[in-house]
>>> print(open('structure-v9.cif').read())   # mmCIF, N, CA and C atoms
data_work
loop_
_atom_site.label_atom_id
_atom_site.label_comp_id
_atom_site.auth_asym_id
_atom_site.auth_seq_id
_atom_site.Cartn_x
_atom_site.Cartn_y
_atom_site.Cartn_z
N ALA N 1 74.62 74.12 73.99
CA ALA N 1 73.43 74.68 73.38
C ALA N 1 73.85 75.41 72.12
N ASN N 2 73.67 74.76 70.97
CA ASN N 2 74.06 75.40 69.72
C ASN N 2 72.87 76.01 68.99
N CYS N 3 71.74 76.17 69.69
CA CYS N 3 70.55 76.85 69.17
C CYS N 3 70.04 76.23 67.89
N GLY N 4 70.13 74.94 67.76
CA GLY N 4 69.59 74.24 66.61
C GLY N 4 70.47 74.31 65.38
N SER N 5 71.53 75.03 65.44
CA SER N 5 72.41 75.15 64.29
C SER N 5 73.47 74.07 64.33
N SER N 6 73.75 73.49 63.19
CA SER N 6 74.80 72.48 63.13
C SER N 6 76.15 73.12 62.84
N PHE N 7 76.16 74.44 62.60
CA PHE N 7 77.40 75.16 62.29
C PHE N 7 78.01 75.67 63.59
N ARG N 8 79.24 75.27 63.85
CA ARG N 8 79.95 75.74 65.04
C ARG N 8 81.33 76.20 64.61
N THR N 9 81.75 77.32 65.16
CA THR N 9 83.06 77.88 64.84
C THR N 9 83.93 77.79 66.09
N SER N 10 85.09 77.21 65.92
CA SER N 10 86.00 77.09 67.05
C SER N 10 86.77 78.40 67.22
N PRO N 11 87.30 78.64 68.43
CA PRO N 11 88.11 79.85 68.63
C PRO N 11 89.31 79.92 67.68
N CYS N 12 89.87 78.76 67.35
CA CYS N 12 91.00 78.74 66.42
C CYS N 12 90.58 79.22 65.04
N ASP N 13 89.38 78.80 64.60
CA ASP N 13 88.87 79.24 63.30
C ASP N 13 88.63 80.75 63.30
N LEU N 14 88.10 81.27 64.42
CA LEU N 14 87.86 82.71 64.50
C LEU N 14 89.17 83.48 64.46
N LYS N 15 90.18 83.00 65.19
CA LYS N 15 91.48 83.68 65.22
C LYS N 15 92.11 83.66 63.83
N ALA N 16 92.03 82.51 63.16
CA ALA N 16 92.60 82.41 61.82
C ALA N 16 91.87 83.33 60.85
N GLY N 17 90.54 83.38 60.97
CA GLY N 17 89.75 84.25 60.11
C GLY N 17 90.07 85.72 60.33
N MET N 18 90.20 86.11 61.59
CA MET N 18 90.54 87.50 61.91
C MET N 18 91.94 87.84 61.41
N ALA N 19 92.87 86.91 61.61
CA ALA N 19 94.24 87.15 61.14
C ALA N 19 94.25 87.30 59.62
N ASN N 20 93.48 86.47 58.94
CA ASN N 20 93.39 86.54 57.48
C ASN N 20 92.83 87.89 57.06
N PHE N 21 91.76 88.33 57.74
CA PHE N 21 91.15 89.62 57.44
C PHE N 21 92.14 90.76 57.67
N LEU N 22 92.80 90.76 58.84
CA LEU N 22 93.75 91.83 59.18
C LEU N 22 94.94 91.86 58.23
N SER N 23 95.40 90.68 57.84
CA SER N 23 96.58 90.63 56.98
C SER N 23 96.28 91.17 55.58
N ARG N 24 95.02 91.19 55.19
CA ARG N 24 94.64 91.68 53.86
C ARG N 24 94.38 93.19 53.85
N LEU N 25 94.32 93.79 55.02
CA LEU N 25 94.13 95.25 55.07
C LEU N 25 95.39 95.95 54.55
N PRO N 26 95.22 97.12 53.95
CA PRO N 26 96.40 97.90 53.56
C PRO N 26 97.19 98.28 54.82
N GLN N 27 98.49 98.49 54.64
CA GLN N 27 99.36 98.80 55.78
C GLN N 27 98.89 100.02 56.55
N VAL N 28 98.37 101.01 55.85
CA VAL N 28 97.89 102.23 56.52
C VAL N 28 96.71 101.88 57.43
N ALA N 29 95.80 101.04 56.96
CA ALA N 29 94.65 100.63 57.77
C ALA N 29 95.09 99.78 58.96
N GLN N 30 96.06 98.88 58.74
CA GLN N 30 96.60 98.09 59.85
C GLN N 30 97.20 99.00 60.91
N ALA N 31 98.00 99.96 60.47
CA ALA N 31 98.66 100.87 61.41
C ALA N 31 97.63 101.67 62.21
N LEU N 32 96.58 102.11 61.55
CA LEU N 32 95.54 102.87 62.23
C LEU N 32 94.80 101.98 63.24
N ALA N 33 94.47 100.77 62.84
CA ALA N 33 93.78 99.85 63.75
C ALA N 33 94.66 99.47 64.93
N PHE N 34 95.92 99.22 64.67
CA PHE N 34 96.83 98.78 65.72
C PHE N 34 97.25 99.90 66.65
N SER N 35 97.16 101.14 66.19
CA SER N 35 97.63 102.27 67.00
C SER N 35 96.81 102.42 68.28
N ALA N 36 95.59 101.94 68.29
CA ALA N 36 94.74 102.03 69.48
C ALA N 36 95.03 100.90 70.47
N LEU N 37 95.85 99.94 70.07
CA LEU N 37 96.14 98.79 70.92
C LEU N 37 97.58 98.83 71.41
N ARG N 38 97.88 98.05 72.40
CA ARG N 38 99.23 98.00 72.96
C ARG N 38 100.10 97.07 72.12
N ALA N 39 101.29 97.53 71.81
CA ALA N 39 102.22 96.74 71.00
C ALA N 39 102.55 95.43 71.67
N THR N 40 102.66 95.43 73.00
CA THR N 40 103.00 94.21 73.72
C THR N 40 101.93 93.15 73.56
N GLU N 41 100.67 93.55 73.55
CA GLU N 41 99.58 92.60 73.37
C GLU N 41 99.47 92.14 71.92
N LEU N 42 99.62 93.07 71.01
CA LEU N 42 99.55 92.73 69.58
C LEU N 42 100.65 91.74 69.21
N ASN N 43 101.85 92.01 69.69
CA ASN N 43 102.98 91.17 69.33
C ASN N 43 102.74 89.72 69.75
N ILE N 44 102.21 89.52 70.95
CA ILE N 44 101.94 88.18 71.44
C ILE N 44 100.82 87.52 70.65
N ALA N 45 99.75 88.26 70.39
CA ALA N 45 98.56 87.68 69.78
C ALA N 45 98.66 87.49 68.27
N LEU N 46 99.29 88.42 67.59
CA LEU N 46 99.22 88.39 66.12
C LEU N 46 100.51 88.03 65.42
N SER N 47 101.64 88.25 66.05
CA SER N 47 102.90 88.06 65.32
C SER N 47 103.14 86.61 64.94
N VAL N 48 102.45 85.69 65.58
CA VAL N 48 102.64 84.27 65.25
C VAL N 48 101.71 83.80 64.15
N THR N 49 100.79 84.65 63.69
CA THR N 49 99.80 84.18 62.72
C THR N 49 100.30 84.18 61.28
N CYS N 50 101.01 85.22 60.88
CA CYS N 50 101.53 85.24 59.51
C CYS N 50 102.63 86.30 59.40
N ARG N 51 103.36 86.25 58.32
CA ARG N 51 104.51 87.13 58.11
C ARG N 51 104.10 88.60 58.05
N SER N 52 103.02 88.92 57.35
CA SER N 52 102.64 90.33 57.21
C SER N 52 102.19 90.93 58.54
N LEU N 53 101.50 90.14 59.37
CA LEU N 53 101.11 90.65 60.69
C LEU N 53 102.30 90.72 61.63
N ARG N 54 103.26 89.82 61.48
CA ARG N 54 104.47 89.90 62.30
C ARG N 54 105.20 91.21 61.99
N ARG N 55 105.29 91.54 60.69
CA ARG N 55 105.93 92.81 60.29
C ARG N 55 105.16 94.00 60.86
N ALA N 56 103.83 93.93 60.78
CA ALA N 56 103.00 95.02 61.29
C ALA N 56 103.16 95.18 62.80
N CYS N 57 103.28 94.07 63.51
CA CYS N 57 103.44 94.11 64.97
C CYS N 57 104.81 94.59 65.40
N GLN N 58 105.74 94.64 64.48
CA GLN N 58 107.08 95.12 64.81
C GLN N 58 107.32 96.50 64.23
N GLY N 59 106.23 97.16 63.82
CA GLY N 59 106.34 98.49 63.24
C GLY N 59 106.96 99.51 64.17
N ARG N 60 107.77 100.37 63.62
CA ARG N 60 108.52 101.37 64.38
C ARG N 60 107.60 102.28 65.19
N ASN N 61 106.56 102.80 64.57
CA ASN N 61 105.66 103.74 65.25
C ASN N 61 104.86 103.06 66.36
N LEU N 62 104.50 101.81 66.15
CA LEU N 62 103.76 101.06 67.16
C LEU N 62 104.58 100.94 68.45
N TRP N 63 105.85 100.58 68.30
CA TRP N 63 106.73 100.43 69.48
C TRP N 63 107.14 101.78 70.05
N ARG N 64 107.25 102.78 69.19
CA ARG N 64 107.56 104.14 69.68
C ARG N 64 106.45 104.60 70.62
N THR N 65 105.20 104.37 70.22
CA THR N 65 104.05 104.73 71.05
C THR N 65 104.04 103.92 72.35
N GLU N 66 104.42 102.65 72.27
CA GLU N 66 104.46 101.81 73.47
C GLU N 66 105.52 102.31 74.46
N VAL N 67 106.68 102.71 73.95
CA VAL N 67 107.71 103.27 74.82
C VAL N 67 107.20 104.57 75.46
N GLN N 68 106.54 105.39 74.66
CA GLN N 68 106.01 106.65 75.17
C GLN N 68 104.98 106.41 76.27
N ARG N 69 104.11 105.40 76.10
CA ARG N 69 103.09 105.08 77.10
C ARG N 69 103.69 104.48 78.36
N SER N 70 104.58 103.53 78.19
CA SER N 70 105.08 102.73 79.32
C SER N 70 106.26 103.35 80.04
N PHE N 71 107.13 104.03 79.31
CA PHE N 71 108.36 104.58 79.88
C PHE N 71 108.58 106.00 79.38
N PRO N 72 107.79 106.96 79.88
CA PRO N 72 107.89 108.34 79.36
C PRO N 72 109.28 108.96 79.50
N GLU N 73 109.98 108.64 80.62
CA GLU N 73 111.32 109.22 80.81
C GLU N 73 112.29 108.67 79.76
N THR N 74 112.21 107.38 79.52
CA THR N 74 113.06 106.75 78.51
C THR N 74 112.74 107.31 77.13
N PHE N 75 111.46 107.52 76.86
CA PHE N 75 111.05 108.08 75.58
C PHE N 75 111.65 109.46 75.38
N GLU N 76 111.54 110.30 76.42
CA GLU N 76 112.05 111.67 76.31
C GLU N 76 113.56 111.69 76.05
N SER N 77 114.29 110.80 76.72
CA SER N 77 115.74 110.78 76.49
C SER N 77 116.09 110.14 75.15
N SER N 78 115.29 109.18 74.71
CA SER N 78 115.59 108.48 73.45
C SER N 78 115.21 109.29 72.22
N ILE N 79 114.17 110.11 72.34
CA ILE N 79 113.69 110.88 71.19
C ILE N 79 114.74 111.88 70.74
N LYS N 80 115.61 112.28 71.65
CA LYS N 80 116.65 113.27 71.34
C LYS N 80 117.85 112.64 70.66
N ARG N 81 117.92 111.30 70.70
CA ARG N 81 119.07 110.60 70.12
C ARG N 81 118.77 110.22 68.67
N PRO N 82 119.62 110.61 67.73
CA PRO N 82 119.38 110.27 66.33
C PRO N 82 119.71 108.81 66.00
N ASP N 83 120.37 108.11 66.92
CA ASP N 83 120.82 106.75 66.63
C ASP N 83 119.82 105.66 67.03
N VAL N 84 118.58 106.03 67.44
CA VAL N 84 117.59 105.03 67.81
C VAL N 84 117.12 104.31 66.55
N GLU N 85 117.48 103.05 66.44
CA GLU N 85 117.11 102.27 65.27
C GLU N 85 115.84 101.46 65.50
N SER N 86 115.67 100.98 66.73
CA SER N 86 114.54 100.11 67.02
C SER N 86 113.88 100.53 68.34
N TRP N 87 112.64 101.01 68.24
CA TRP N 87 111.90 101.36 69.45
C TRP N 87 111.53 100.11 70.23
N ARG N 88 111.41 98.99 69.54
CA ARG N 88 111.15 97.72 70.24
C ARG N 88 112.35 97.39 71.13
N ALA N 89 113.55 97.59 70.63
CA ALA N 89 114.76 97.34 71.43
C ALA N 89 114.83 98.32 72.60
N VAL N 90 114.42 99.57 72.39
CA VAL N 90 114.39 100.55 73.48
C VAL N 90 113.40 100.09 74.55
N PHE N 91 112.24 99.59 74.12
CA PHE N 91 111.23 99.10 75.07
C PHE N 91 111.78 97.93 75.88
N ILE N 92 112.39 96.97 75.20
CA ILE N 92 112.94 95.79 75.88
C ILE N 92 114.02 96.21 76.87
N SER N 93 114.87 97.13 76.48
CA SER N 93 115.93 97.60 77.37
C SER N 93 115.35 98.29 78.60
N ALA N 94 114.34 99.13 78.39
CA ALA N 94 113.71 99.83 79.52
C ALA N 94 113.00 98.85 80.44
N LEU N 95 112.37 97.85 79.87
CA LEU N 95 111.68 96.83 80.67
C LEU N 95 112.68 96.02 81.51
N ARG N 96 113.80 95.66 80.90
CA ARG N 96 114.84 94.93 81.64
C ARG N 96 115.41 95.79 82.77
N ALA N 97 115.61 97.07 82.52
CA ALA N 97 116.12 97.98 83.56
C ALA N 97 115.12 98.08 84.70
N LYS N 98 113.84 98.17 84.37
CA LYS N 98 112.80 98.23 85.39
C LYS N 98 112.80 96.96 86.24
N TRP N 99 112.86 95.81 85.58
CA TRP N 99 112.88 94.54 86.31
C TRP N 99 114.13 94.43 87.17
N SER N 100 115.27 94.90 86.66
CA SER N 100 116.51 94.86 87.43
C SER N 100 116.40 95.73 88.68
N ASP N 101 115.82 96.92 88.54
CA ASP N 101 115.62 97.80 89.69
C ASP N 101 114.68 97.16 90.70
N GLN N 102 113.61 96.55 90.21
CA GLN N 102 112.68 95.88 91.12
C GLN N 102 113.37 94.75 91.87
N ARG N 103 114.20 94.00 91.17
CA ARG N 103 114.92 92.90 91.80
C ARG N 103 115.88 93.42 92.88
N LYS N 104 116.58 94.51 92.59
CA LYS N 104 117.48 95.11 93.58
C LYS N 104 116.72 95.54 94.82
N ASN N 105 115.56 96.16 94.62
CA ASN N 105 114.73 96.59 95.76
C ASN N 105 114.25 95.39 96.57
N GLU N 106 113.83 94.33 95.88
CA GLU N 106 113.37 93.13 96.57
C GLU N 106 114.52 92.47 97.33
N ASP N 107 115.71 92.45 96.74
CA ASP N 107 116.88 91.88 97.43
C ASP N 107 117.20 92.68 98.69
N ALA N 108 117.13 94.01 98.60
CA ALA N 108 117.41 94.85 99.76
C ALA N 108 116.37 94.61 100.86
N MET N 109 115.10 94.48 100.48
CA MET N 109 114.06 94.21 101.47
C MET N 109 114.28 92.84 102.12
N GLU N 110 114.68 91.86 101.31
CA GLU N 110 114.94 90.53 101.85
C GLU N 110 116.10 90.57 102.85
N GLN N 111 117.15 91.30 102.54
CA GLN N 111 118.30 91.42 103.45
C GLN N 111 117.88 92.08 104.77
N ARG N 112 117.06 93.14 104.67
CA ARG N 112 116.57 93.78 105.90
C ARG N 112 115.73 92.82 106.72
N ALA N 113 114.88 92.05 106.05
CA ALA N 113 114.04 91.07 106.76
C ALA N 113 114.89 89.99 107.42
N ARG N 114 115.94 89.54 106.74
CA ARG N 114 116.83 88.52 107.32
C ARG N 114 117.57 89.07 108.55
N ARG N 115 118.04 90.32 108.44
CA ARG N 115 118.72 90.93 109.59
C ARG N 115 117.75 91.08 110.76
N GLY N 116 116.52 91.49 110.46
CA GLY N 116 115.51 91.64 111.51
C GLY N 116 115.18 90.30 112.15
N ALA N 117 115.06 89.26 111.32
CA ALA N 117 114.78 87.92 111.85
C ALA N 117 115.94 87.44 112.71
N GLY N 118 117.16 87.74 112.30
CA GLY N 118 118.34 87.37 113.09
C GLY N 118 118.35 88.08 114.43
N ALA N 119 118.01 89.35 114.43
CA ALA N 119 117.97 90.12 115.67
C ALA N 119 116.88 89.59 116.59
N ILE N 120 115.75 89.24 116.02
CA ILE N 120 114.65 88.68 116.83
C ILE N 120 115.05 87.34 117.42
N ALA N 121 115.71 86.51 116.63
CA ALA N 121 116.16 85.20 117.13
C ALA N 121 117.18 85.37 118.25
N ALA N 122 118.09 86.33 118.10
CA ALA N 122 119.08 86.58 119.15
C ALA N 122 118.41 87.09 120.42
N LEU N 123 117.45 87.98 120.28
CA LEU N 123 116.72 88.50 121.43
C LEU N 123 115.94 87.39 122.12
N ARG N 124 115.32 86.55 121.34
CA ARG N 124 114.57 85.41 121.89
C ARG N 124 115.49 84.50 122.68
N SER N 125 116.64 84.19 122.11
CA SER N 125 117.62 83.34 122.81
C SER N 125 118.07 83.99 124.11
N ARG N 126 118.33 85.29 124.05
CA ARG N 126 118.77 86.00 125.25
C ARG N 126 117.69 85.99 126.32
N LEU N 127 116.43 86.23 125.90
CA LEU N 127 115.32 86.23 126.86
C LEU N 127 115.10 84.84 127.44
N LEU N 128 115.19 83.82 126.59
CA LEU N 128 115.02 82.44 127.09
C LEU N 128 116.16 82.08 128.04
N GLY N 129 117.36 82.52 127.73
CA GLY N 129 118.51 82.28 128.62
C GLY N 129 118.34 82.97 129.95
N GLU N 130 117.84 84.22 129.94
CA GLU N 130 117.61 84.95 131.18
C GLU N 130 116.51 84.30 132.01
N SER N 131 115.45 83.82 131.35
CA SER N 131 114.36 83.22 132.10
C SER N 131 114.79 81.89 132.72
N GLU N 132 115.71 81.16 132.06
CA GLU N 132 116.21 79.91 132.62
C GLU N 132 117.11 80.21 133.83
N SER N 133 117.91 81.29 133.74
CA SER N 133 118.80 81.62 134.87
C SER N 133 118.00 82.15 136.06
N VAL N 134 116.89 82.80 135.83
CA VAL N 134 116.04 83.31 136.90
C VAL N 134 115.34 82.15 137.60
N SER N 135 114.88 81.17 136.81
CA SER N 135 114.16 80.03 137.39
C SER N 135 115.09 79.03 138.08
N ALA N 136 116.39 79.11 137.82
CA ALA N 136 117.32 78.16 138.41
C ALA N 136 117.77 78.52 139.78
#
>>> encode(input="structure-v9.cif", output="structure tokens")
Amino acid sequence: ANCGSSFRTSPCDLKAGMANFLSRLPQVAQALAFSALRATELNIALSVTCRSLRRACQGRNLWRTEVQRSFPETFESSIKRPDVESWRAVFISALRAKWSDQRKNEDAMEQRARRGAGAIAALRSRLLGESESVSA
């Protein structure tokens, strides 16, 4: 249902038009507009559209805010270090550490479940063995 209009805009055309509009904004306006959004979402959506938006999506303050939102403890320890060159790298490092910790926890839970399953199987075998000796 195109409401009688022969003009139709595809999602790709809209994305290209928005990217064109955003890329023409002054850097200060881009930074202000992007500051309300998550760097992780912006990077995925806009960094592939053009060079100026890729640069804007990799802005230091944008990623600094993302680290502060997502990893407050990492932010507090990193803000004290004068050698922080890339907040995006700090974010990636913190995310990898989080995933590594989650994986370790999942591995530990899996090991406990395997031990429990082994104990249950041994108990089952023992009970089945006892019931066979009683019936014999």
>>> axis_aligned_box(input="structure-v9.cif", around="region 50-56 of chain N", padding_each_side="4 Å", output="JSON")
{"center_x": 103.5, "center_y": 90.2, "center_z": 60.0, "size_x": 12.9, "size_y": 18.0, "size_z": 13.6}
>>> resolve_selection(input="structure-v9.cif", expression="the PyMOL selection byres (((chain N and resi 31-37 and name CA) around 9) and name CA)", output="list of chain:residue names")
N:Pro26, N:Gln27, N:Val28, N:Ala29, N:Gln30, N:Arg38, N:Ala39, N:Thr40, N:Glu41, N:Leu42, N:Ala56, N:Cys57, N:Gly59, N:Asn61, N:Leu62, N:Thr65
>>> atom_distance(input="structure-v9.cif", atom1="CA of Pro72 (chain N)", atom2="CA of Val90 (chain N)")
11.7 Å
>>> atom_distance(input="structure-v9.cif", atom1="CA of Arg64 (chain N)", atom2="atom C of Ser86 (chain N)")
7.4 Å
>>> atom_distance(input="structure-v9.cif", atom1="CA of Val67 (chain N)", atom2="atom C of Leu25 (chain N)")
24.8 Å
>>> residues_around(input="structure-v9.cif", residues="region 87-89 of chain N", least_positions_apart="4", cutoff="6 Å", atoms="only N, CA and C atoms", output="JSON list (two decimals) with N, CA and C atoms, in the frame of the given file")
[["chain", "number", "residue", "atom", "x", "y", "z"],
["N", 60, "ARG", "N", 107.77, 100.37, 63.62],
["N", 60, "ARG", "CA", 108.52, 101.37, 64.38],
["N", 60, "ARG", "C", 107.60, 102.28, 65.19],
["N", 63, "TRP", "N", 105.85, 100.58, 68.30],
["N", 63, "TRP", "CA", 106.73, 100.43, 69.48],
["N", 63, "TRP", "C", 107.14, 101.78, 70.05],
["N", 64, "ARG", "N", 107.25, 102.78, 69.19],
["N", 64, "ARG", "CA", 107.56, 104.14, 69.68],
["N", 64, "ARG", "C", 106.45, 104.60, 70.62],
["N", 93, "SER", "N", 114.87, 97.13, 76.48],
["N", 93, "SER", "CA", 115.93, 97.60, 77.37],
["N", 93, "SER", "C", 115.35, 98.29, 78.60],
["N", 94, "ALA", "N", 114.34, 99.13, 78.39],
["N", 94, "ALA", "CA", 113.71, 99.83, 79.52],
["N", 94, "ALA", "C", 113.00, 98.85, 80.44]]
>>> closest_residue(input="structure-v9.cif", among="N:Ser131, N:Ser100, N:Ser125, N:Ser23", to="Arg51 (chain N)", atoms="only C-alpha atoms")
N:Ser23
>>> select_by_dssp(input="structure-v9.cif", residues="chain N", states="alpha helix (DSSP H)", output="PyMOL selection string")
chain N and resi 11-24+27-35+39-46+51-57+60-70+72-79+87-135
